[in-house]
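Next up, final-v8.txt (compact mmCIF, C-alpha atoms and all ligand atoms):
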# COMPACT_ATOMS: atom_id res chain seq x y z
CA MET A 1 150.50 7.04 110.44
CA SER A 2 153.94 5.65 111.14
CA ALA A 3 153.59 1.98 112.01
CA THR A 4 150.40 -0.06 111.97
CA PRO A 5 148.56 0.35 115.23
CA GLN A 6 148.04 -2.61 117.56
CA LEU A 7 144.85 -1.21 118.96
CA SER A 8 141.91 0.53 117.27
CA ILE A 9 139.29 2.35 119.30
CA VAL A 10 135.99 2.85 117.48
CA ILE A 11 133.61 5.59 118.62
CA PRO A 12 130.31 6.52 116.96
CA VAL A 13 129.40 10.16 117.45
CA TYR A 14 126.00 11.71 117.02
CA ASN A 15 125.39 15.16 118.43
CA GLU A 16 127.93 14.82 121.21
CA GLU A 17 129.50 18.30 121.23
CA LEU A 18 128.98 18.57 124.98
CA ASN A 19 130.70 15.25 125.65
CA LEU A 20 133.60 15.22 123.21
CA PRO A 21 135.94 17.54 125.14
CA THR A 22 135.62 15.41 128.27
CA LEU A 23 135.91 12.26 126.23
CA PHE A 24 139.17 13.42 124.67
CA ALA A 25 140.47 14.52 128.05
CA ARG A 26 139.79 11.13 129.62
CA LEU A 27 140.38 8.79 126.71
CA PHE A 28 143.76 9.87 125.41
CA PRO A 29 145.62 9.68 128.74
CA VAL A 30 144.34 6.11 129.17
CA LEU A 31 145.46 5.14 125.67
CA ASP A 32 148.80 6.90 125.94
CA GLY A 33 149.39 5.01 129.18
CA LEU A 34 148.90 1.60 127.57
CA GLY A 35 152.21 1.55 125.83
CA ARG A 36 150.65 0.20 122.63
CA ARG A 37 150.47 1.79 119.22
CA TYR A 38 146.86 2.83 118.79
CA GLU A 39 144.43 4.73 116.61
CA VAL A 40 141.03 6.16 117.43
CA VAL A 41 138.45 6.01 114.65
CA PHE A 42 135.52 8.37 115.16
CA THR A 43 132.49 8.16 112.92
CA ASN A 44 130.51 11.35 112.79
CA ASP A 45 127.03 10.00 112.18
CA GLY A 46 125.50 13.09 110.57
CA SER A 47 125.61 15.22 113.73
CA ALA A 48 123.68 18.45 113.51
CA ASP A 49 125.76 20.19 116.16
CA ARG A 50 129.46 21.08 116.28
CA SER A 51 130.65 17.51 116.82
CA PHE A 52 132.37 17.32 113.45
CA GLN A 53 134.29 20.55 114.04
CA LEU A 54 135.49 19.22 117.37
CA LEU A 55 136.57 15.95 115.77
CA GLN A 56 138.32 17.89 113.02
CA ALA A 57 140.20 19.91 115.61
CA GLN A 58 141.17 16.75 117.43
CA HIS A 59 142.42 15.25 114.18
CA LYS A 60 144.57 18.36 113.67
CA ALA A 61 145.90 18.10 117.20
CA ARG A 62 146.71 14.37 117.07
CA PRO A 63 146.93 13.44 113.36
CA ASP A 64 149.05 10.41 114.22
CA VAL A 65 146.29 8.67 116.17
CA VAL A 66 142.95 10.25 115.22
CA ARG A 67 140.90 9.29 112.19
CA VAL A 68 137.48 10.70 111.43
CA ILE A 69 134.89 9.19 109.11
CA ASP A 70 132.23 11.72 108.23
CA PHE A 71 128.80 10.45 107.16
CA ASN A 72 126.63 12.69 105.03
CA ALA A 73 123.58 11.84 107.15
CA ASN A 74 122.48 9.95 110.24
CA TYR A 75 122.59 6.18 109.68
CA GLY A 76 122.53 5.02 113.27
CA GLN A 77 125.05 3.84 115.82
CA HIS A 78 125.59 0.39 114.32
CA MET A 79 126.24 1.65 110.81
CA ALA A 80 128.69 4.14 112.27
CA ILE A 81 130.55 1.29 113.93
CA MET A 82 130.44 -0.81 110.75
CA ALA A 83 132.00 1.98 108.72
CA ALA A 84 134.84 2.15 111.22
CA PHE A 85 135.19 -1.66 111.30
CA GLU A 86 135.68 -1.63 107.54
CA ARG A 87 138.63 0.71 107.96
CA VAL A 88 140.34 -0.15 111.25
CA ARG A 89 144.00 -1.13 111.14
CA GLY A 90 144.56 -2.54 114.62
CA GLU A 91 144.79 -6.17 115.69
CA VAL A 92 142.47 -5.56 118.62
CA ILE A 93 139.43 -3.35 118.18
CA VAL A 94 137.51 -1.75 121.03
CA THR A 95 134.12 -0.06 120.67
CA LEU A 96 133.06 2.68 123.05
CA ASP A 97 130.20 5.20 123.38
CA ALA A 98 131.00 8.87 123.06
CA ASP A 99 128.77 9.95 125.93
CA LEU A 100 131.11 8.54 128.60
CA GLN A 101 128.58 6.02 129.83
CA ASN A 102 131.36 3.49 129.34
CA PRO A 103 134.32 4.91 131.25
CA PRO A 104 137.44 4.88 129.04
CA GLU A 105 139.40 3.92 132.16
CA GLU A 106 137.90 0.43 131.84
CA ILE A 107 139.55 -0.29 128.50
CA PRO A 108 142.64 -1.93 130.07
CA LYS A 109 140.37 -4.52 131.73
CA LEU A 110 139.10 -5.64 128.34
CA LEU A 111 142.59 -5.69 126.89
CA ALA A 112 143.82 -7.86 129.76
CA LEU A 113 141.22 -10.48 128.85
CA MET A 114 142.09 -10.22 125.16
CA ASP A 115 145.71 -10.82 126.09
CA GLU A 116 144.64 -13.98 127.87
CA GLY A 117 143.51 -15.35 124.53
CA HIS A 118 139.86 -14.36 124.18
CA ASP A 119 138.89 -13.25 120.71
CA TYR A 120 135.90 -11.25 121.86
CA VAL A 121 135.30 -9.62 125.21
CA GLY A 122 131.95 -8.17 126.14
CA ALA A 123 131.36 -5.96 129.11
CA TYR A 124 128.37 -5.89 131.37
CA ARG A 125 127.38 -2.84 133.31
CA VAL A 126 127.72 -3.13 137.02
CA ASP A 127 125.33 -0.78 138.80
CA ARG A 128 123.68 0.47 135.68
CA GLN A 129 122.94 4.19 135.51
CA ASP A 130 119.97 4.40 133.19
CA SER A 131 116.35 5.16 133.81
CA PHE A 132 114.35 2.53 135.68
CA PHE A 133 112.41 1.82 132.54
CA ARG A 134 115.50 1.40 130.32
CA THR A 135 117.18 -0.88 132.82
CA TYR A 136 114.24 -3.21 133.26
CA ALA A 137 113.16 -3.20 129.63
CA SER A 138 116.69 -4.23 128.80
CA LYS A 139 116.72 -6.99 131.43
CA LEU A 140 113.50 -8.34 129.94
CA ILE A 141 114.82 -8.33 126.40
CA ASN A 142 118.04 -9.97 127.57
CA PHE A 143 115.92 -12.74 129.02
CA VAL A 144 113.92 -13.22 125.82
CA ARG A 145 117.07 -13.19 123.68
CA GLU A 146 118.71 -15.71 125.97
CA ARG A 147 115.87 -18.12 125.30
CA THR A 148 115.25 -17.53 121.61
CA THR A 149 118.80 -17.36 120.31
CA SER A 150 121.94 -19.27 121.19
CA ILE A 151 123.70 -16.08 122.18
CA LYS A 152 124.91 -15.93 125.76
CA MET A 153 125.60 -12.41 126.91
CA THR A 154 124.98 -10.86 130.27
CA ASP A 155 124.36 -7.43 128.84
CA GLN A 156 123.74 -7.07 125.14
CA GLY A 157 123.22 -3.33 125.38
CA CYS A 158 126.69 -2.42 126.59
CA MET A 159 128.81 -1.19 123.72
CA LEU A 160 132.13 -1.29 125.52
CA ARG A 161 133.58 -4.35 123.82
CA ALA A 162 136.81 -5.69 122.43
CA TYR A 163 137.15 -7.82 119.29
CA ASN A 164 140.12 -9.33 117.58
CA ARG A 165 140.84 -8.71 113.95
CA ALA A 166 139.37 -12.00 112.71
CA VAL A 167 136.04 -11.38 114.39
CA VAL A 168 135.81 -7.84 113.02
CA ASP A 169 136.71 -9.08 109.54
CA ALA A 170 134.00 -11.71 109.79
CA ILE A 171 131.48 -9.06 110.81
CA VAL A 172 132.48 -6.88 107.88
CA ARG A 173 132.32 -9.79 105.43
CA SER A 174 128.88 -10.81 106.63
CA GLY A 175 127.70 -7.46 105.25
CA ALA A 176 125.47 -7.47 108.27
CA ILE A 177 122.10 -6.20 107.42
CA ASN A 178 120.95 -7.10 110.89
CA THR A 179 122.45 -4.36 112.84
CA PHE A 180 123.30 -6.01 116.08
CA ILE A 181 127.08 -6.01 116.21
CA PRO A 182 127.62 -7.50 119.72
CA ALA A 183 125.46 -10.49 118.84
CA LEU A 184 127.14 -10.97 115.48
CA ALA A 185 130.53 -10.82 117.11
CA TYR A 186 129.45 -13.43 119.59
CA SER A 187 128.38 -15.77 116.82
CA PHE A 188 131.75 -15.44 115.07
CA SER A 189 133.84 -15.74 118.19
CA SER A 190 135.42 -18.98 119.34
CA LYS A 191 136.48 -17.89 122.82
CA PRO A 192 134.22 -15.13 124.10
CA GLY A 193 134.88 -13.57 127.47
CA GLU A 194 133.07 -11.10 129.70
CA VAL A 195 134.02 -8.55 132.28
CA GLY A 196 132.07 -6.21 134.56
CA VAL A 197 132.62 -2.50 134.03
CA LYS A 198 131.47 0.66 135.70
CA HIS A 199 128.61 2.48 134.12
CA GLU A 200 128.14 6.21 134.39
CA GLU A 201 125.27 8.48 133.72
CA ARG A 202 125.28 10.11 130.35
CA HIS A 203 127.79 12.92 130.76
CA ALA A 204 125.67 15.53 128.96
CA GLY A 205 122.76 15.65 126.55
CA VAL A 206 120.05 13.05 126.22
CA SER A 207 119.99 9.54 124.83
CA ASN A 208 119.67 9.38 121.08
CA TYR A 209 117.38 6.39 121.28
CA SER A 210 113.67 6.90 121.31
CA PHE A 211 111.32 4.28 122.68
CA TYR A 212 110.40 3.33 119.14
CA GLN A 213 114.03 2.83 118.09
CA LEU A 214 114.68 0.62 121.10
CA ILE A 215 111.77 -1.59 120.14
CA ARG A 216 113.02 -1.72 116.55
CA LEU A 217 116.53 -2.59 117.64
CA ASN A 218 115.41 -5.45 119.84
CA PHE A 219 112.96 -6.76 117.28
CA ASP A 220 115.87 -6.72 114.83
CA LEU A 221 117.99 -8.63 117.27
CA ILE A 222 115.51 -11.44 117.72
CA THR A 223 114.33 -11.79 114.14
CA GLY A 224 117.86 -11.25 112.85
CA PHE A 225 119.39 -14.11 114.77
CA SER A 226 116.75 -16.76 115.03
CA LEU A 227 113.64 -18.13 113.46
CA ALA A 228 112.25 -18.79 116.93
CA PRO A 229 109.50 -16.15 116.70
CA LEU A 230 108.25 -17.78 113.54
CA GLN A 231 108.46 -21.24 115.08
CA TYR A 232 106.78 -20.25 118.35
CA PHE A 233 104.13 -18.55 116.32
CA THR A 234 103.44 -21.66 114.31
CA MET A 235 103.25 -23.75 117.47
CA PHE A 236 100.91 -21.23 119.03
CA ALA A 237 98.75 -21.09 115.91
CA MET A 238 98.50 -24.89 115.85
CA LEU A 239 97.59 -25.06 119.51
CA SER A 240 95.03 -22.31 119.18
CA SER A 241 93.39 -23.83 116.14
CA ALA A 242 93.23 -27.16 117.96
CA GLY A 243 91.69 -25.29 120.91
CA SER A 244 89.14 -23.54 118.70
CA LEU A 245 88.24 -26.81 117.09
CA GLY A 246 87.75 -28.35 120.52
CA LEU A 247 85.60 -25.43 121.54
CA VAL A 248 83.39 -25.79 118.49
CA ALA A 249 83.09 -29.51 119.15
CA LEU A 250 82.12 -28.78 122.76
CA LEU A 251 79.49 -26.27 121.65
CA PHE A 252 78.02 -28.78 119.25
CA TYR A 253 78.05 -31.45 121.89
CA ARG A 254 76.23 -29.22 124.39
CA ARG A 255 73.73 -28.04 121.83
CA PHE A 256 72.89 -31.28 120.04
CA VAL A 257 73.65 -34.04 122.50
CA LEU A 258 72.87 -32.42 125.83
CA ASN A 259 70.33 -30.10 124.22
CA LEU A 260 71.59 -27.02 126.14
CA ASP A 261 72.49 -23.42 125.06
CA ARG A 262 69.48 -23.10 122.80
CA GLU A 263 69.55 -19.25 122.78
CA THR A 264 73.22 -18.47 123.00
CA PHE A 265 74.55 -21.03 120.59
CA GLY A 266 75.56 -19.72 117.23
CA VAL A 267 76.46 -16.41 115.95
CA PHE A 268 78.20 -14.84 118.97
CA THR A 269 80.30 -17.83 119.81
CA LEU A 270 81.42 -18.17 116.26
CA PHE A 271 82.23 -14.47 116.03
CA GLY A 272 84.39 -14.85 119.09
CA ILE A 273 86.29 -17.70 117.55
CA LEU A 274 86.57 -15.90 114.23
CA PHE A 275 88.02 -12.75 115.78
CA PHE A 276 90.54 -14.79 117.66
CA LEU A 277 91.68 -16.72 114.62
CA LEU A 278 91.81 -13.51 112.63
CA SER A 279 94.13 -11.88 115.14
CA VAL A 280 96.39 -14.91 115.15
CA ALA A 281 96.54 -14.74 111.36
CA MET A 282 97.42 -11.06 111.50
CA ILE A 283 100.33 -11.58 113.86
CA GLY A 284 101.52 -14.24 111.46
CA ILE A 285 101.39 -11.90 108.52
CA GLY A 286 103.37 -9.35 110.48
CA LEU A 287 106.05 -11.85 111.34
CA ILE A 288 106.32 -13.15 107.81
CA GLY A 289 106.55 -9.55 106.68
CA GLU A 290 109.52 -9.06 108.98
CA TYR A 291 111.43 -11.90 107.37
CA VAL A 292 110.42 -10.95 103.86
CA GLY A 293 111.56 -7.40 104.56
CA ARG A 294 114.88 -8.69 105.79
CA THR A 295 115.34 -10.82 102.68
CA TYR A 296 114.44 -7.84 100.54
CA GLN A 297 117.08 -5.72 102.20
CA VAL A 298 119.75 -8.32 101.58
CA VAL A 299 118.70 -8.99 98.02
CA ARG A 300 118.58 -5.31 97.23
CA ALA A 301 122.14 -4.95 98.58
CA ARG A 302 121.97 -1.20 98.68
CA GLN A 303 124.84 0.81 99.99
CA ARG A 304 124.13 1.10 103.68
CA TYR A 305 125.72 4.43 104.36
CA HIS A 306 127.55 7.15 102.54
CA VAL A 307 130.87 8.59 103.64
CA ARG A 308 131.34 12.24 102.80
CA GLU A 309 134.92 12.59 103.86
CA ILE A 310 137.65 10.79 105.81
CA LEU A 311 140.23 12.67 107.84
CA GLU A 312 143.30 10.54 108.30
CA THR A 313 147.02 10.41 107.89
CA LYS A 314 148.12 7.60 105.62
N1 LIG A 401 125.00 7.27 118.16
C1 LIG A 401 125.25 7.35 116.79
N2 LIG A 401 124.20 7.48 115.92
C2 LIG A 401 122.91 7.50 116.34
C3 LIG A 401 122.65 7.36 117.73
C4 LIG A 401 123.71 7.25 118.60
O1 LIG A 401 126.41 7.33 116.37
O2 LIG A 401 122.01 7.61 115.50
C5 LIG A 401 126.12 7.14 119.12
C6 LIG A 401 126.12 8.17 120.23
O3 LIG A 401 126.80 9.36 119.87
C7 LIG A 401 126.83 7.44 121.35
C8 LIG A 401 126.40 6.00 121.12
O4 LIG A 401 126.00 5.91 119.75
O5 LIG A 401 128.23 7.51 121.20
C9 LIG A 401 125.30 5.58 122.06
O6 LIG A 401 124.21 6.43 121.90
P1 LIG A 401 123.29 6.89 123.11
O7 LIG A 401 124.13 7.31 124.28
O8 LIG A 401 122.34 7.88 122.59
O9 LIG A 401 122.54 5.54 123.44
P2 LIG A 401 122.20 4.96 124.89
O10 LIG A 401 123.44 5.08 125.74
O11 LIG A 401 121.08 5.78 125.39
O12 LIG A 401 121.84 3.54 124.58
MG MG A 402 124.49 6.55 126.13

Could you take the file, read its structure, and then write that structure out as structure tokens?
Ligand code: UDP
Ligand code: MG
Amino acid sequence: MSATPQLSIVIPVYNEELNLPTLFARLFPVLDGLGRRYEVVFTNDGSADRSFQLLQAQHKARPDVVRVIDFNANYGQHMAIMAAFERVRGEVIVTLDADLQNPPEEIPKLLALMDEGHDYVGAYRVDRQDSFFRTYASKLINFVRERTTSIKMTDQGCMLRAYNRAVVDAIVRSGAINTFIPALAYSFSSKPGEVGVKHEERHAGVSNYSFYQLIRLNFDLITGFSLAPLQYFTMFAMLSSAGSLGLVALLFYRRFVLNLDRETFGVFTLFGILFFLLSVAMIGIGLIGEYVGRTYQVVRARQRYHVREILETK
């Protein structure tokens, strides 16, 4: 690599052999047209298809601008981005999906905002092209996040984003165990900006996220950035125990003062209350487990991913 690049594009790749050729064909003309020195850092996240071979070929074709980090296994989109963040050389860093859902042609819009002095620019998807379920589930979770954390983002799920060097360094230093990079970036940024971008249907293949992973990711987001679930839970538990207490008092009042409910008083009512309290306690244990698990992960400080090989020109 001749001079240090001004711009680093970071792209996680997992089983994208059908998309990569189109991605290359659309991305590079945009970047070449910017008139900035750039590099593209691909992380091959343990793809089982020919993605790595395609990346390798691209590295051969454009060794000056293409770098490839090759994971030995699949560690997930956010780890793939982290690995690239730890190695980027640019002053401005842009993340992008490999499946062309974020059109590369929108990159200049983000850069324009960065040039205006923002240190972090998020994008929100105008006219989102995902399944009905994905779109609405994501709206719902956006709403919950908005209220439980101090993070203001129109669209947390859109990975087309630009960060300046300082924000990326802060993310890397935080050793983020909570995997939600856009939210982390927001918390480290001092002048965040946002811009609307086009969204396209996945060019080929299917989403790599299962329903379960989406739930995990969003649970991570909320527990990773705020203690609100724990606090709401405690409030709820206090209210419900006060309620149960009131109910018991009412039952006693009806039975012993008004002399009613002679047959029904007793065992069934108490069972009802008991079951309710038990379920509240169980939710609590689950929540505490979530935080303990998180602490455990940090304390254990295990290597989060393993790089098999890096293709790059020094
Ligand atoms: N990805 C990855 N590792 C994974 C899953 C996904 O690197 O375990 C990449 C994938 O190749 C794509 C991006 O992350 O570039 C977004 O993935 P996907 O399109 O499957 O997610 P969706 O758009 O459905 O949220
Ligand atoms: Mg996608």

Using only C-alpha atoms and all ligand atoms, which protein or nucleic acid residues are at most 9 Å from ligand LIG 401 (chain A), as a PDB file with C-alpha atoms, keeping the file's coordinate frame?
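As written to disk, pocket-v1.pdb reads:
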ATOM      1  CA  ILE A  11     133.610   5.590 118.620  1.00  0.00           C
ATOM      2  CA  PRO A  12     130.310   6.520 116.960  1.00  0.00           C
ATOM      3  CA  VAL A  13     129.400  10.160 117.450  1.00  0.00           C
ATOM      4  CA  TYR A  14     126.000  11.710 117.020  1.00  0.00           C
ATOM      5  CA  ASN A  15     125.390  15.160 118.430  1.00  0.00           C
ATOM      6  CA  GLU A  16     127.930  14.820 121.210  1.00  0.00           C
ATOM      7  CA  THR A  43     132.490   8.160 112.920  1.00  0.00           C
ATOM      8  CA  ASN A  44     130.510  11.350 112.790  1.00  0.00           C
ATOM      9  CA  ASP A  45     127.030  10.000 112.180  1.00  0.00           C
ATOM     10  CA  GLY A  46     125.500  13.090 110.570  1.00  0.00           C
ATOM     11  CA  SER A  47     125.610  15.220 113.730  1.00  0.00           C
ATOM     12  CA  ASN A  74     122.480   9.950 110.240  1.00  0.00           C
ATOM     13  CA  TYR A  75     122.590   6.180 109.680  1.00  0.00           C
ATOM     14  CA  GLY A  76     122.530   5.020 113.270  1.00  0.00           C
ATOM     15  CA  GLN A  77     125.050   3.840 115.820  1.00  0.00           C
ATOM     16  CA  HIS A  78     125.590   0.390 114.320  1.00  0.00           C
ATOM     17  CA  MET A  79     126.240   1.650 110.810  1.00  0.00           C
ATOM     18  CA  ALA A  80     128.690   4.140 112.270  1.00  0.00           C
ATOM     19  CA  ILE A  81     130.550   1.290 113.930  1.00  0.00           C
ATOM     20  CA  LEU A  96     133.060   2.680 123.050  1.00  0.00           C
ATOM     21  CA  ASP A  97     130.200   5.200 123.380  1.00  0.00           C
ATOM     22  CA  ALA A  98     131.000   8.870 123.060  1.00  0.00           C
ATOM     23  CA  ASP A  99     128.770   9.950 125.930  1.00  0.00           C
ATOM     24  CA  LEU A 100     131.110   8.540 128.600  1.00  0.00           C
ATOM     25  CA  GLN A 101     128.580   6.020 129.830  1.00  0.00           C
ATOM     26  CA  ASN A 102     131.360   3.490 129.340  1.00  0.00           C
ATOM     27  CA  ASP A 130     119.970   4.400 133.190  1.00  0.00           C
ATOM     28  CA  ARG A 134     115.500   1.400 130.320  1.00  0.00           C
ATOM     29  CA  GLY A 157     123.220  -3.330 125.380  1.00  0.00           C
ATOM     30  CA  CYS A 158     126.690  -2.420 126.590  1.00  0.00           C
ATOM     31  CA  MET A 159     128.810  -1.190 123.720  1.00  0.00           C
ATOM     32  CA  GLU A 201     125.270   8.480 133.720  1.00  0.00           C
ATOM     33  CA  ARG A 202     125.280  10.110 130.350  1.00  0.00           C
ATOM     34  CA  GLY A 205     122.760  15.650 126.550  1.00  0.00           C
ATOM     35  CA  VAL A 206     120.050  13.050 126.220  1.00  0.00           C
ATOM     36  CA  SER A 207     119.990   9.540 124.830  1.00  0.00           C
ATOM     37  CA  ASN A 208     119.670   9.380 121.080  1.00  0.00           C
ATOM     38  CA  TYR A 209     117.380   6.390 121.280  1.00  0.00           C
ATOM     39  CA  SER A 210     113.670   6.900 121.310  1.00  0.00           C
ATOM     40  CA  LEU A 214     114.680   0.620 121.100  1.00  0.00           C
TER      41      LEU A 214
END

Which of A:Arg87, A:Val40, A:Tyr120, A:Ala183 sits closest to Leu217 of chain A [using all atoms listed in the file]: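 Between A:Arg87, A:Val40, A:Tyr120, A:Ala183, the residue approaching Leu217 of chain A most closely is A:Ala183.
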
Determine, counting all atoms listed in the file, which protein, DNA and RNA residues have an atom within 12 Å of an atom of Asn218 of chain A; residues of the same chain fewer than 3 positions away are not included. Present the result as a list in words. Ala137, Ser138, Lys139, Leu140, Ile141, Asn142, Phe143, Val144, Arg145, Gln156, Gly157, Asn178, Thr179, Phe180, Ala183, Phe211, Tyr212, Gln213, Leu214, Ile215, Leu221, Ile222, Thr223, Gly224 and Phe225 of chain A

Which residue gives the smallest distance to Leu27 of chain A among A:Ala73, A:Met153, A:Ile107, A:Ser131, with all atoms listed in the file counted?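 Residue with the minimum atom-to-atom distance to Leu27 of chain A: A:Ile107.
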
With distances taken over only C-alpha atoms and all ligand atoms, which of A:Thr149, A:Gln231, A:Ser51, A:Gln129 is nearest to ligand MG 402 (chain A)?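 Of the candidates, the smallest distance to ligand MG 402 (chain A) is held by A:Gln129.
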
Nearest residue to Leu20 of chain A from the set A:Leu311, A:Val126, A:Ala204, A:Ile93 (distances using all atoms listed in the file):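 Using all atoms listed in the file, Leu20 of chain A sits closest to A:Ala204.
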
Computed interatomic separation between atom CA of Glu194 of chain A and atom CA of Val121 of chain A (Å):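 Here the two named atoms are 5.2 Å from each other.
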
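Here atom CA of Leu250 of chain A stands at a distance of 20.6 Å from atom CA of Phe236 of chain A.
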
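For the pair atom CA of Ala185 of chain A and atom CA of Ile171 of chain A, the interatomic distance is 6.6 Å.
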
Identify which of the residues A:Val30, A:Val280, A:His199, A:Leu111 lies closest to ligand MG 402 (chain A), counting only C-alpha atoms and all ligand atoms when measuring atom-to-atom distances. A:His199

So which one's closest to Glu146 of chain A, A:Val88, A:Ala228, A:Ala112, A:Ala162? Using all atoms listed in the file, please.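 So, comparing all the options, the nearest one is A:Ala228.
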
Identify, on the basis of only C-alpha atoms, every residue whose closest approach to Leu270 of chain A does not exceed 12 Å; exclude the query and any residue fewer than 3 positions from it along the same chain; express the result as a PyMOL selection string. chain A and resi 244-245+247-249+251-252+264-267+273-278

Counting all atoms listed in the file, note down every residue that has an atom within 12 Å of the point (148.8, 11.8, 117.3) (file coordinates), as a PyMOL selection string. chain A and resi 1-2+5+28+31-32+37-40+57-67+312-313

Output as a PDB file, keeping the file's coordinate frame: segment 47-61 of chain A, completed with N, CA, C and O atoms.
ATOM      1  N   SER A  47     125.970  14.322 112.620  1.00  0.00           N
ATOM      2  CA  SER A  47     125.610  15.220 113.730  1.00  0.00           C
ATOM      3  C   SER A  47     125.156  16.574 113.218  1.00  0.00           C
ATOM      4  O   SER A  47     125.692  17.097 112.244  1.00  0.00           O
ATOM      5  N   ALA A  48     124.180  17.140 113.908  1.00  0.00           N
ATOM      6  CA  ALA A  48     123.680  18.450 113.510  1.00  0.00           C
ATOM      7  C   ALA A  48     124.332  19.554 114.345  1.00  0.00           C
ATOM      8  O   ALA A  48     124.114  20.732 114.104  1.00  0.00           O
ATOM      9  N   ASP A  49     125.117  19.175 115.329  1.00  0.00           N
ATOM     10  CA  ASP A  49     125.760  20.190 116.160  1.00  0.00           C
ATOM     11  C   ASP A  49     127.225  20.362 115.751  1.00  0.00           C
ATOM     12  O   ASP A  49     127.591  20.038 114.628  1.00  0.00           O
ATOM     13  N   ARG A  50     128.076  20.812 116.652  1.00  0.00           N
ATOM     14  CA  ARG A  50     129.460  21.080 116.280  1.00  0.00           C
ATOM     15  C   ARG A  50     130.385  19.862 116.452  1.00  0.00           C
ATOM     16  O   ARG A  50     131.606  20.004 116.426  1.00  0.00           O
ATOM     17  N   SER A  51     129.825  18.699 116.598  1.00  0.00           N
ATOM     18  CA  SER A  51     130.650  17.510 116.820  1.00  0.00           C
ATOM     19  C   SER A  51     131.750  17.362 115.771  1.00  0.00           C
ATOM     20  O   SER A  51     132.900  17.084 116.102  1.00  0.00           O
ATOM     21  N   PHE A  52     131.373  17.541 114.502  1.00  0.00           N
ATOM     22  CA  PHE A  52     132.370  17.320 113.450  1.00  0.00           C
ATOM     23  C   PHE A  52     133.539  18.304 113.571  1.00  0.00           C
ATOM     24  O   PHE A  52     134.695  17.914 113.423  1.00  0.00           O
ATOM     25  N   GLN A  53     133.226  19.562 113.877  1.00  0.00           N
ATOM     26  CA  GLN A  53     134.290  20.550 114.040  1.00  0.00           C
ATOM     27  C   GLN A  53     135.233  20.142 115.171  1.00  0.00           C
ATOM     28  O   GLN A  53     136.442  20.275 115.058  1.00  0.00           O
ATOM     29  N   LEU A  54     134.651  19.645 116.252  1.00  0.00           N
ATOM     30  CA  LEU A  54     135.490  19.220 117.370  1.00  0.00           C
ATOM     31  C   LEU A  54     136.362  18.034 116.975  1.00  0.00           C
ATOM     32  O   LEU A  54     137.539  17.964 117.338  1.00  0.00           O
ATOM     33  N   LEU A  55     135.798  17.119 116.204  1.00  0.00           N
ATOM     34  CA  LEU A  55     136.570  15.950 115.770  1.00  0.00           C
ATOM     35  C   LEU A  55     137.699  16.391 114.825  1.00  0.00           C
ATOM     36  O   LEU A  55     138.831  15.913 114.911  1.00  0.00           O
ATOM     37  N   GLN A  56     137.334  17.335 113.959  1.00  0.00           N
ATOM     38  CA  GLN A  56     138.320  17.890 113.020  1.00  0.00           C
ATOM     39  C   GLN A  56     139.498  18.492 113.776  1.00  0.00           C
ATOM     40  O   GLN A  56     140.662  18.251 113.457  1.00  0.00           O
ATOM     41  N   ALA A  57     139.160  19.272 114.815  1.00  0.00           N
ATOM     42  CA  ALA A  57     140.200  19.910 115.610  1.00  0.00           C
ATOM     43  C   ALA A  57     141.070  18.860 116.298  1.00  0.00           C
ATOM     44  O   ALA A  57     142.296  18.994 116.378  1.00  0.00           O
ATOM     45  N   GLN A  58     140.421  17.818 116.770  1.00  0.00           N
ATOM     46  CA  GLN A  58     141.170  16.750 117.430  1.00  0.00           C
ATOM     47  C   GLN A  58     142.080  16.034 116.447  1.00  0.00           C
ATOM     48  O   GLN A  58     143.199  15.650 116.781  1.00  0.00           O
ATOM     49  N   HIS A  59     141.593  15.874 115.218  1.00  0.00           N
ATOM     50  CA  HIS A  59     142.420  15.250 114.180  1.00  0.00           C
ATOM     51  C   HIS A  59     143.654  16.110 113.901  1.00  0.00           C
ATOM     52  O   HIS A  59     144.761  15.594 113.735  1.00  0.00           O
ATOM     53  N   LYS A  60     143.449  17.438 113.875  1.00  0.00           N
ATOM     54  CA  LYS A  60     144.570  18.360 113.670  1.00  0.00           C
ATOM     55  C   LYS A  60     145.583  18.240 114.802  1.00  0.00           C
ATOM     56  O   LYS A  60     146.791  18.237 114.580  1.00  0.00           O
ATOM     57  N   ALA A  61     145.032  18.132 116.035  1.00  0.00           N
ATOM     58  CA  ALA A  61     145.900  18.100 117.200  1.00  0.00           C
ATOM     59  C   ALA A  61     146.687  16.787 117.308  1.00  0.00           C
ATOM     60  O   ALA A  61     147.832  16.781 117.733  1.00  0.00           O
TER      61      ALA A  61
END
